[in-house]
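With compact mmCIF, C-alpha atoms and all ligand atoms inside, this is model18.txt:
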```txt
# COMPACT_ATOMS: atom_id res chain seq x y z
CA MET A 1 -6.96 7.41 4.60
CA VAL A 2 -9.91 5.21 5.36
CA GLN A 3 -13.19 6.65 6.55
CA ARG A 4 -13.82 5.40 10.06
CA SER A 5 -16.88 5.59 12.26
CA GLN A 6 -16.61 7.79 15.35
CA GLY A 7 -14.63 6.35 18.23
CA GLU A 8 -12.73 4.20 15.79
CA SER A 9 -10.34 6.92 14.76
CA ALA A 10 -6.60 6.45 14.80
CA VAL A 11 -6.32 10.15 15.60
CA CYS A 12 -6.12 9.46 19.33
CA GLU A 13 -2.92 7.52 18.69
CA ALA A 14 -0.91 10.35 17.11
CA ALA A 15 -2.47 13.68 16.18
CA ASN A 16 -1.20 13.25 12.62
CA PRO A 17 1.26 11.10 10.64
CA PHE A 18 4.14 13.55 11.18
CA GLU A 19 3.71 13.43 14.93
CA GLY A 20 3.81 9.64 14.61
CA VAL A 21 7.15 9.84 12.75
CA GLN A 22 8.53 12.33 15.30
CA ARG A 23 7.62 9.98 18.15
CA ARG A 24 9.41 7.12 16.45
CA ILE A 25 12.46 9.30 15.76
CA ASP A 26 12.45 10.38 19.45
CA ALA A 27 12.39 6.78 20.65
CA ILE A 28 15.27 5.73 18.37
CA CYS A 29 17.41 8.80 19.10
CA GLU A 30 17.00 8.21 22.83
CA ARG A 31 17.79 4.53 22.50
CA MET A 32 20.92 5.23 20.42
CA ASN A 33 22.01 8.23 22.49
CA ILE A 34 22.02 10.44 19.41
CA ASP A 35 23.41 13.94 19.92
CA GLN A 36 20.66 16.35 21.03
CA GLY A 37 21.33 18.76 18.15
CA ILE A 38 21.06 16.04 15.53
CA HIS A 39 17.90 14.69 17.14
CA ALA A 40 16.36 18.18 17.09
CA ARG A 41 17.18 18.54 13.39
CA LEU A 42 15.61 15.21 12.49
CA ARG A 43 12.36 16.20 14.25
CA LYS A 44 11.88 19.08 11.78
CA CYS A 45 11.72 19.44 8.00
CA GLU A 46 14.49 21.63 6.57
CA ARG A 47 12.40 23.45 3.94
CA GLU A 48 8.66 23.72 3.50
CA LEU A 49 6.98 25.39 0.56
CA MET A 50 3.21 25.81 0.35
CA VAL A 51 1.69 27.13 -2.86
CA ASN A 52 -1.85 28.25 -3.77
CA PHE A 53 -2.18 28.49 -7.51
CA PRO A 54 -4.90 28.97 -10.14
CA VAL A 55 -5.89 26.45 -12.79
CA ARG A 56 -8.41 27.08 -15.55
CA MET A 57 -10.87 24.18 -15.51
CA ASP A 58 -12.62 22.78 -18.60
CA ASP A 59 -15.83 24.72 -17.79
CA GLY A 60 -13.90 28.01 -18.05
CA LYS A 61 -13.90 28.70 -14.30
CA VAL A 62 -10.69 29.22 -12.35
CA LYS A 63 -10.05 26.98 -9.36
CA VAL A 64 -7.33 27.60 -6.78
CA PHE A 65 -5.41 24.51 -5.68
CA THR A 66 -3.08 24.09 -2.70
CA GLY A 67 0.17 22.17 -3.01
CA PHE A 68 3.34 21.50 -1.05
CA ARG A 69 6.96 20.57 -1.61
CA ILE A 70 8.84 19.68 1.53
CA GLN A 71 12.48 18.75 2.01
CA HIS A 72 13.00 16.91 5.27
CA ASN A 73 16.78 16.48 5.11
CA ASP A 74 19.45 16.65 2.41
CA THR A 75 22.61 15.85 4.37
CA ARG A 76 23.40 12.63 2.46
CA GLY A 77 22.60 14.01 -1.01
CA PRO A 78 19.86 15.72 -3.01
CA ALA A 79 16.40 15.54 -1.46
CA LYS A 80 14.32 12.81 -3.14
CA GLY A 81 10.69 11.82 -3.06
CA GLY A 82 7.44 11.57 -4.94
CA ILE A 83 4.52 13.87 -5.64
CA ARG A 84 1.06 12.85 -4.46
CA TYR A 85 -2.25 13.97 -5.98
CA HIS A 86 -5.06 13.12 -3.57
CA PRO A 87 -8.01 14.95 -1.95
CA ASP A 88 -6.71 14.11 1.57
CA VAL A 89 -3.17 15.50 1.13
CA THR A 90 -2.18 17.70 4.10
CA LEU A 91 0.91 19.60 5.18
CA ASP A 92 1.58 17.16 8.03
CA GLU A 93 1.07 14.12 5.82
CA THR A 94 3.58 15.54 3.31
CA ARG A 95 6.04 16.23 6.15
CA ALA A 96 5.72 12.63 7.34
CA LEU A 97 6.18 11.29 3.81
CA ALA A 98 9.29 13.49 3.37
CA ALA A 99 10.78 12.22 6.66
CA TRP A 100 10.13 8.60 5.64
CA MET A 101 12.04 9.28 2.40
CA THR A 102 15.09 10.49 4.40
CA LEU A 103 14.97 7.28 6.41
CA LYS A 104 14.31 5.09 3.35
CA THR A 105 17.21 6.40 1.28
CA ALA A 106 19.50 5.93 4.29
CA VAL A 107 18.27 2.37 5.02
CA VAL A 108 19.09 1.27 1.47
CA SER A 109 22.23 3.43 1.42
CA ILE A 110 21.64 5.50 -1.71
CA PRO A 111 23.11 9.03 -1.76
CA TYR A 112 19.93 11.01 -1.28
CA GLY A 113 18.00 12.85 1.38
CA GLY A 114 14.23 12.92 1.68
CA ALA A 115 11.47 15.12 0.25
CA LYS A 116 7.83 14.88 -0.76
CA GLY A 117 5.29 16.94 -2.62
CA GLY A 118 1.55 16.90 -2.91
CA VAL A 119 -1.43 18.70 -4.34
CA ILE A 120 -4.89 18.60 -2.76
CA CYS A 121 -6.96 17.46 -5.74
CA ASP A 122 -8.87 14.46 -7.02
CA PRO A 123 -7.15 13.31 -10.22
CA LYS A 124 -9.89 10.67 -10.70
CA VAL A 125 -12.44 13.36 -11.57
CA MET A 126 -10.16 15.67 -13.58
CA SER A 127 -9.73 15.62 -17.37
CA GLN A 128 -6.27 15.11 -18.91
CA GLY A 129 -6.24 18.79 -19.89
CA GLU A 130 -7.02 19.91 -16.34
CA LEU A 131 -4.38 17.57 -14.93
CA GLU A 132 -1.79 18.87 -17.37
CA ARG A 133 -2.52 22.52 -16.55
CA LEU A 134 -2.48 21.76 -12.79
CA THR A 135 0.79 19.87 -13.11
CA ARG A 136 2.55 22.52 -15.20
CA ARG A 137 1.56 25.35 -12.86
CA TYR A 138 2.47 23.34 -9.73
CA ALA A 139 5.84 22.44 -11.32
CA SER A 140 6.51 26.13 -12.03
CA GLU A 141 5.53 27.07 -8.47
CA ILE A 142 7.92 24.55 -6.88
CA SER A 143 10.71 25.11 -9.42
CA ILE A 144 12.46 27.35 -6.88
CA LEU A 145 13.15 24.20 -4.84
CA ILE A 146 13.55 21.34 -7.32
CA GLY A 147 16.48 20.56 -9.60
CA PRO A 148 18.65 17.59 -10.59
CA GLU A 149 21.30 18.40 -7.99
CA LYS A 150 19.01 19.51 -5.17
CA ASP A 151 15.56 17.96 -5.12
CA ILE A 152 14.29 15.29 -7.50
CA PRO A 153 10.57 14.41 -7.50
CA ALA A 154 9.03 11.13 -8.70
CA PRO A 155 5.58 9.50 -8.89
CA ASP A 156 3.51 8.68 -5.82
CA VAL A 157 -0.21 8.04 -5.21
CA GLY A 158 -2.27 9.70 -7.98
CA THR A 159 0.65 10.59 -10.28
CA ASN A 160 2.27 8.61 -13.12
CA PRO A 161 4.96 8.78 -15.85
CA GLN A 162 2.84 11.21 -17.93
CA VAL A 163 2.70 13.66 -15.01
CA MET A 164 6.50 13.28 -14.64
CA ALA A 165 6.91 14.09 -18.37
CA TRP A 166 4.89 17.33 -17.96
CA ILE A 167 7.00 18.33 -14.94
CA MET A 168 10.22 17.61 -16.84
CA ASP A 169 8.98 19.62 -19.83
CA THR A 170 7.80 22.58 -17.73
CA TYR A 171 11.06 22.78 -15.78
CA SER A 172 13.03 22.46 -19.03
CA MET A 173 11.02 25.20 -20.77
CA ASN A 174 11.70 27.58 -17.89
CA LYS A 175 15.43 26.76 -18.05
CA GLY A 176 15.70 26.95 -21.83
CA TYR A 177 17.13 23.46 -22.30
CA SER A 178 16.09 19.86 -21.58
CA VAL A 179 16.75 18.79 -18.00
CA LEU A 180 15.99 15.08 -17.79
CA GLY A 181 17.50 14.62 -14.33
CA VAL A 182 15.02 16.92 -12.59
CA ILE A 183 12.61 14.04 -12.14
CA THR A 184 12.49 10.23 -12.10
CA GLY A 185 9.74 7.81 -13.00
CA LYS A 186 9.71 9.32 -16.49
CA PRO A 187 8.39 7.47 -19.55
CA LEU A 188 11.02 5.26 -21.20
CA GLU A 189 11.01 7.50 -24.30
CA LEU A 190 12.14 10.44 -22.15
CA GLY A 191 15.04 8.94 -20.25
CA GLY A 192 13.04 6.70 -17.93
CA SER A 193 14.59 3.48 -16.64
CA LYS A 194 13.52 0.02 -17.59
CA GLY A 195 12.03 -1.67 -14.56
CA ARG A 196 11.09 1.60 -12.80
CA PHE A 197 7.34 1.16 -13.15
CA GLU A 198 7.44 -2.25 -11.47
CA ALA A 199 10.25 -1.45 -9.03
CA THR A 200 8.24 -0.76 -5.84
CA GLY A 201 6.11 -3.89 -6.27
CA ARG A 202 9.21 -5.91 -7.15
CA GLY A 203 10.91 -4.68 -3.98
CA CYS A 204 7.86 -5.82 -1.98
CA MET A 205 8.06 -9.26 -3.59
CA LEU A 206 11.80 -9.50 -2.83
CA SER A 207 11.18 -8.40 0.79
CA ALA A 208 8.42 -10.99 1.17
CA LYS A 209 10.70 -13.74 -0.16
CA MET A 210 13.60 -12.81 2.12
CA ALA A 211 11.35 -12.45 5.18
CA ALA A 212 9.55 -15.74 4.46
CA LYS A 213 12.91 -17.49 4.26
CA HIS A 214 13.92 -16.13 7.68
CA LEU A 215 10.57 -17.20 9.14
CA GLY A 216 10.79 -20.68 7.64
CA MET A 217 7.64 -19.98 5.63
CA ASN A 218 7.35 -21.71 2.26
CA ILE A 219 6.60 -18.86 -0.14
CA LYS A 220 5.24 -21.31 -2.72
CA GLU A 221 2.43 -22.29 -0.37
CA ALA A 222 1.79 -18.86 1.11
CA THR A 223 -1.59 -17.18 0.88
CA VAL A 224 -1.46 -13.44 0.25
CA VAL A 225 -3.87 -10.53 0.77
CA VAL A 226 -3.09 -7.22 -0.94
CA GLN A 227 -4.77 -3.94 0.02
CA GLY A 228 -4.53 -1.46 -2.87
CA PHE A 229 -4.33 -2.50 -6.52
CA GLY A 230 -2.37 0.43 -7.90
CA ASN A 231 1.22 0.59 -9.09
CA VAL A 232 2.54 -1.05 -5.91
CA GLY A 233 -0.14 -3.57 -4.92
CA MET A 234 -0.94 -4.77 -8.42
CA VAL A 235 2.71 -5.44 -9.30
CA ALA A 236 3.40 -7.04 -5.91
CA ALA A 237 0.40 -9.36 -6.41
CA LYS A 238 1.50 -10.25 -9.92
CA LEU A 239 5.10 -11.00 -8.94
CA LEU A 240 4.15 -12.90 -5.77
CA ALA A 241 1.75 -15.03 -7.83
CA LYS A 242 4.68 -15.77 -10.17
CA GLU A 243 6.65 -16.95 -7.13
CA GLY A 244 3.89 -19.48 -6.46
CA CYS A 245 1.89 -17.60 -3.80
CA ARG A 246 -1.90 -17.83 -3.81
CA ILE A 247 -3.38 -14.31 -3.98
CA ILE A 248 -6.67 -14.75 -2.14
CA ALA A 249 -7.86 -11.13 -1.87
CA VAL A 250 -7.11 -7.71 -3.36
CA SER A 251 -8.81 -4.33 -3.08
CA ASP A 252 -8.89 -0.76 -4.29
CA SER A 253 -10.55 2.37 -2.92
CA ARG A 254 -14.01 1.03 -3.92
CA GLY A 255 -13.71 -2.28 -2.03
CA GLY A 256 -12.15 -5.72 -2.13
CA ILE A 257 -12.60 -9.15 -3.71
CA TYR A 258 -11.93 -12.48 -2.02
CA ASN A 259 -11.57 -16.02 -3.32
CA PRO A 260 -9.85 -18.52 -1.01
CA LYS A 261 -8.99 -20.66 -4.05
CA GLY A 262 -6.92 -17.82 -5.49
CA LEU A 263 -7.23 -14.91 -7.93
CA ASP A 264 -5.27 -14.32 -11.14
CA PRO A 265 -3.84 -10.77 -10.71
CA GLU A 266 -3.42 -10.28 -14.49
CA ASP A 267 -7.08 -11.09 -15.07
CA VAL A 268 -8.16 -8.90 -12.15
CA LEU A 269 -6.17 -6.07 -13.75
CA ARG A 270 -8.01 -6.62 -17.04
CA HIS A 271 -11.31 -6.35 -15.12
CA LYS A 272 -10.12 -3.20 -13.30
CA THR A 273 -9.01 -1.60 -16.57
CA GLU A 274 -12.43 -2.27 -18.07
CA THR A 275 -14.58 -1.28 -15.08
CA CYS A 276 -12.30 1.06 -13.03
CA SER A 277 -12.41 -1.26 -9.99
CA VAL A 278 -11.51 -4.78 -8.88
CA VAL A 279 -15.01 -5.05 -7.37
CA GLY A 280 -17.41 -7.20 -9.38
CA TYR A 281 -14.69 -9.57 -10.58
CA GLN A 282 -16.06 -13.01 -11.50
CA ASP A 283 -15.89 -15.90 -8.99
CA SER A 284 -15.16 -13.64 -6.06
CA GLU A 285 -16.89 -12.49 -2.92
CA THR A 286 -17.01 -8.76 -2.25
CA VAL A 287 -15.39 -7.64 1.01
CA THR A 288 -14.80 -4.21 2.51
CA ASN A 289 -11.27 -2.87 2.87
CA ALA A 290 -11.61 -3.26 6.64
CA GLU A 291 -12.67 -6.92 6.33
CA LEU A 292 -9.89 -7.61 3.85
CA LEU A 293 -7.17 -6.63 6.33
CA GLU A 294 -8.50 -9.15 8.85
CA LEU A 295 -8.70 -12.15 6.50
CA GLN A 296 -6.89 -15.37 7.35
CA CYS A 297 -3.65 -15.40 5.31
CA ASP A 298 0.12 -15.84 5.59
CA ILE A 299 1.23 -12.54 4.07
CA LEU A 300 -0.59 -9.20 4.17
CA VAL A 301 0.59 -6.40 1.86
CA PRO A 302 -1.00 -3.06 2.80
CA ALA A 303 -0.28 -1.04 -0.36
CA ALA A 304 -2.82 1.79 -0.07
CA LEU A 305 -2.52 4.77 2.30
CA GLU A 306 -1.39 5.61 5.85
CA ASP A 307 -2.84 4.42 9.17
CA GLU A 308 -4.85 1.49 7.75
CA ILE A 309 -3.63 -0.83 10.52
CA TYR A 310 -4.33 0.88 13.82
CA LYS A 311 -5.17 0.18 17.45
CA ALA A 312 -8.66 -1.20 16.83
CA ASN A 313 -7.96 -3.64 14.01
CA ALA A 314 -4.39 -4.70 14.91
CA PRO A 315 -5.64 -7.35 17.39
CA ASN A 316 -7.67 -8.96 14.56
CA ILE A 317 -4.95 -9.20 11.91
CA LYS A 318 -4.34 -12.87 11.14
CA ALA A 319 -1.34 -12.64 8.79
CA LYS A 320 2.02 -13.92 10.03
CA LEU A 321 3.97 -11.47 7.91
CA ILE A 322 3.17 -7.89 6.88
CA ILE A 323 5.00 -6.29 3.95
CA GLU A 324 4.39 -2.53 4.01
CA GLY A 325 3.94 -1.56 0.36
CA ALA A 326 2.37 1.76 1.38
CA ASN A 327 4.14 4.46 3.34
CA GLY A 328 3.07 4.49 6.98
CA PRO A 329 0.23 1.93 6.85
CA THR A 330 0.75 0.92 10.52
CA THR A 331 0.37 3.31 13.46
CA ALA A 332 2.86 3.15 16.33
CA GLU A 333 0.28 1.66 18.70
CA ALA A 334 -0.70 -0.99 16.17
CA ASP A 335 2.98 -1.80 15.71
CA GLU A 336 3.27 -2.67 19.38
CA ILE A 337 0.16 -4.85 19.28
CA LEU A 338 1.42 -6.71 16.20
CA GLY A 339 4.84 -7.16 17.82
CA ASP A 340 3.28 -8.60 20.99
CA ARG A 341 1.26 -11.00 18.84
CA GLY A 342 4.42 -12.26 17.11
CA ILE A 343 3.55 -10.84 13.69
CA THR A 344 6.61 -9.81 11.66
CA VAL A 345 6.36 -6.41 9.97
CA ILE A 346 8.79 -5.51 7.18
CA PRO A 347 8.58 -1.72 7.43
CA ASP A 348 7.82 0.68 4.57
CA VAL A 349 11.29 2.26 4.65
CA LEU A 350 12.68 -1.13 3.62
CA ALA A 351 9.82 -3.05 1.96
CA ASN A 352 8.77 -0.33 -0.50
CA ALA A 353 12.24 1.11 -1.17
CA GLY A 354 12.42 -0.56 -4.60
CA GLY A 355 10.84 2.49 -6.22
CA VAL A 356 13.37 5.01 -5.01
CA ILE A 357 16.24 2.59 -5.62
CA VAL A 358 15.35 2.33 -9.31
CA SER A 359 14.70 6.10 -9.33
CA TYR A 360 18.33 6.41 -8.27
CA PHE A 361 19.34 4.06 -11.11
CA GLU A 362 17.31 6.20 -13.53
CA TRP A 363 19.10 9.36 -12.36
CA VAL A 364 22.52 7.65 -12.63
CA GLN A 365 21.76 6.28 -16.11
CA GLY A 366 20.60 9.76 -17.19
CA ILE A 367 23.79 11.42 -15.90
CA GLN A 368 26.00 8.94 -17.75
CA SER A 369 23.65 8.91 -20.80
CA PHE A 370 23.96 5.16 -20.91
CA PHE A 371 20.97 2.96 -20.21
CA TRP A 372 20.89 -0.57 -18.85
CA ASP A 373 18.65 -3.43 -19.95
CA GLU A 374 15.88 -4.58 -17.65
CA ALA A 375 17.74 -7.65 -16.38
CA GLU A 376 20.61 -5.44 -15.22
CA VAL A 377 18.24 -3.02 -13.45
CA ASN A 378 16.40 -5.87 -11.71
CA ASP A 379 19.65 -7.54 -10.76
CA LYS A 380 21.07 -4.35 -9.21
CA LEU A 381 17.75 -3.74 -7.41
CA GLN A 382 17.85 -7.24 -5.96
CA HIS A 383 21.42 -6.64 -4.79
CA VAL A 384 20.62 -3.35 -3.01
CA MET A 385 17.44 -4.77 -1.43
CA ALA A 386 19.22 -7.92 -0.23
CA ASN A 387 22.08 -5.93 1.35
CA ALA A 388 19.66 -3.60 3.13
CA PHE A 389 17.48 -6.50 4.29
CA GLU A 390 20.46 -8.36 5.74
CA GLU A 391 21.77 -5.24 7.49
CA VAL A 392 18.38 -4.55 9.06
CA MET A 393 17.90 -8.22 10.00
CA SER A 394 21.31 -8.32 11.63
CA ILE A 395 20.54 -5.26 13.81
CA SER A 396 17.14 -6.75 14.64
CA GLN A 397 18.76 -9.98 15.82
CA HIS A 398 21.68 -8.39 17.70
CA GLU A 399 19.63 -5.70 19.41
CA LYS A 400 16.55 -7.90 19.84
CA VAL A 401 14.28 -5.31 18.26
CA ASP A 402 11.62 -5.50 15.56
CA MET A 403 12.50 -4.82 11.92
CA ARG A 404 11.13 -1.25 11.97
CA THR A 405 13.21 -0.28 15.00
CA ALA A 406 16.24 -1.93 13.37
CA ALA A 407 15.67 -0.09 10.07
CA TYR A 408 15.29 3.25 11.89
CA MET A 409 18.46 2.54 13.89
CA LEU A 410 20.39 1.80 10.69
CA ALA A 411 19.06 4.90 8.96
CA ILE A 412 19.43 7.33 11.87
CA GLY A 413 22.94 6.02 12.55
CA ARG A 414 23.93 6.76 8.93
CA ILE A 415 22.29 10.20 8.84
CA ALA A 416 23.76 11.18 12.23
CA LYS A 417 27.26 10.22 11.05
CA ALA A 418 26.84 12.28 7.87
CA ILE A 419 25.58 15.29 9.86
CA THR A 420 28.52 15.02 12.27
CA LEU A 421 31.04 14.82 9.43
CA ARG A 422 29.61 17.88 7.71
CA GLY A 423 29.33 19.95 10.89
CA ILE A 424 27.18 23.04 11.23
CA TYR A 425 27.46 25.95 8.80
CA PRO A 426 28.73 28.65 9.39
N1 LIG B 501 6.94 7.68 -4.12
C1 LIG B 501 7.88 6.61 -3.99
C2 LIG B 501 8.19 6.36 -2.53
O1 LIG B 501 7.42 6.70 -1.66
C3 LIG B 501 9.10 6.79 -4.86
C4 LIG B 501 9.93 8.00 -4.58
C5 LIG B 501 11.08 8.23 -5.56
O2 LIG B 501 11.28 7.41 -6.44
O3 LIG B 501 11.73 9.26 -5.42
O4 LIG B 501 9.17 5.76 -2.18
```
Here is the file; what I need is its structure written in the form of structure tokens.
Ligand code: GLU
Amino acid sequence: MVQRSQGESAVCEAANPFEGVQRRIDAICERMNIDQGIHARLRKCERELMVNFPVRMDDGKVKVFTGFRIQHNDTRGPAKGGIRYHPDVTLDETRALAAWMTLKTAVVSIPYGGAKGGVICDPKVMSQGELERLTRRYASEISILIGPEKDIPAPDVGTNPQVMAWIMDTYSMNKGYSVLGVITGKPLELGGSKGRFEATGRGCMLSAKMAAKHLGMNIKEATVVVQGFGNVGMVAAKLLAKEGCRIIAVSDSRGGIYNPKGLDPEDVLRHKTETCSVVGYQDSETVTNAELLELQCDILVPAALEDEIYKANAPNIKAKLIIEGANGPTTAEADEILGDRGITVIPDVLANAGGVIVSYFEWVQGIQSFFWDEAEVNDKLQHVMANAFEEVMSISQHEKVDMRTAAYMLAIGRIAKAITLRGIYP
């Protein structure tokens, strides 16, 4: 979350991200006349585990870390969702992220529910040894919830394939045999899927292309601003540049760079790898993350954290199209402002679903012990994304609602049907 000066806070809009999700769920359930019992279930997370666990740090001292694993809903299949390592992780943020996963897996119609995990820590200042010990202990602590048939974690902000490998190994050691399917986003050498690393960014690129087509925008002439230059933003920038877009600004947590003539994402990545930040890149002007969001452009890809577009800056956004690479980058109030201003938002639960779609492919390939080549993975991803996009677009046009409302309607309709079919136990 961005640091804001007083009076600028998005807190007045919803007390926390989970309350924001609950409000959106309320609005959709009321609009669709969803059964009161189903609505009440969707407002809550099914299972919430909070763990406080010790890790021996490199200086010999023991530090206690707090982590969470939350399953929002598993009606349509095993709970699914990433693990976040970040100093600002909270219980309510993890709840919101878990709920978005339930909606996301339903929007793209893959047989999963939604979950999320997180540890309050700053992986940027921890050694590899500390990260490994933290990961292994956290994995042991949450092993009462996770498993290949019940809850399958994956990478999120601050975690990567190496962290997934440690979780897979720890879970397997406790079981006594190798359990590859307990996690996705694994390294290729350990049953990972080709195309998984790029999948979220690729899904953003595909969403941008499909949305641009509907808007009559020529993608080859589009100017693009990307907030966040991690796994999602960096890949989205790279693939959009390949489609002919001009990437005029990108940023990371330390700030942004702007060049109206265009930036080469591959070269910016080289600079970031060398210096740990995009800032300072040659032939570019330095901008703040706040300024970056308000730059003149055709497509804006917020691919950092939640609540970046909120009441105060929404009136100043100049993009025509927003592709939500991050989860929850737009507050509900900002959404309304953007809608009134005629800006199209392709919501997170659709735009960034590429990651969990290829996670699903990884899980399926692991179960059948037969792995596909990258072209096949990308082709199947494109197919799932295109179907979901068209279904959401069709609801948006028929019901005359924005794409987020349409995506929520599609998802909640599917989840409600599944809940009704299963009934209530006992
Ligand atoms: N963390 C990613 C997301 O928010 C991927 C989750 C997954 O692959 O399970 O969608």
Problem set entry | Close residues to ligand LIG 501 (chain B) using only C-alpha atoms and all ligand atoms, limit 9 Å, as number ranges by chain | A: 79-84, 97-98, 100-101, 104-105, 114-116, 152-157, 183-185, 196, 200, 326-327, 348-349, 352-360
Problem set entry | Selected residue of minimal separation from Lys186 in chain A among A:Pro426, A:Gly20, A:Pro161, A:Gly203, counting all atoms listed in the file | A:Pro161
For this session: For each of A:Ser277, A:Thr66, A:Asn218, A:Gln368, take the minimum atom-to-atom distance to Asp298 in chain A, counting all atoms listed in the file, then give the residue where this is smallest.
Result: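 Using all atoms listed in the file, Asp298 in chain A sits closest to A:Asn218.
Between Val107 in chain A and the residues A:Val182, A:Glu336, A:Arg76, A:Tyr85, the shortest atom-to-atom distance, using only C-alpha atoms, involves A:Arg76.
In this model, the gap between CA of Val345 in chain A and CA of Ala40 in chain A comes to 27.5 Å.
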Exercise. If we count only C-alpha atoms, what is near range 403-411 of chain A at a cut-off of 8 Å, once residues fewer than 5 positions away on the same chain are taken out, given as a ChimeraX atom specification?
Worked result: /A:25,28,32,103-104,106-107,344-347,349-350,391-393,395-396
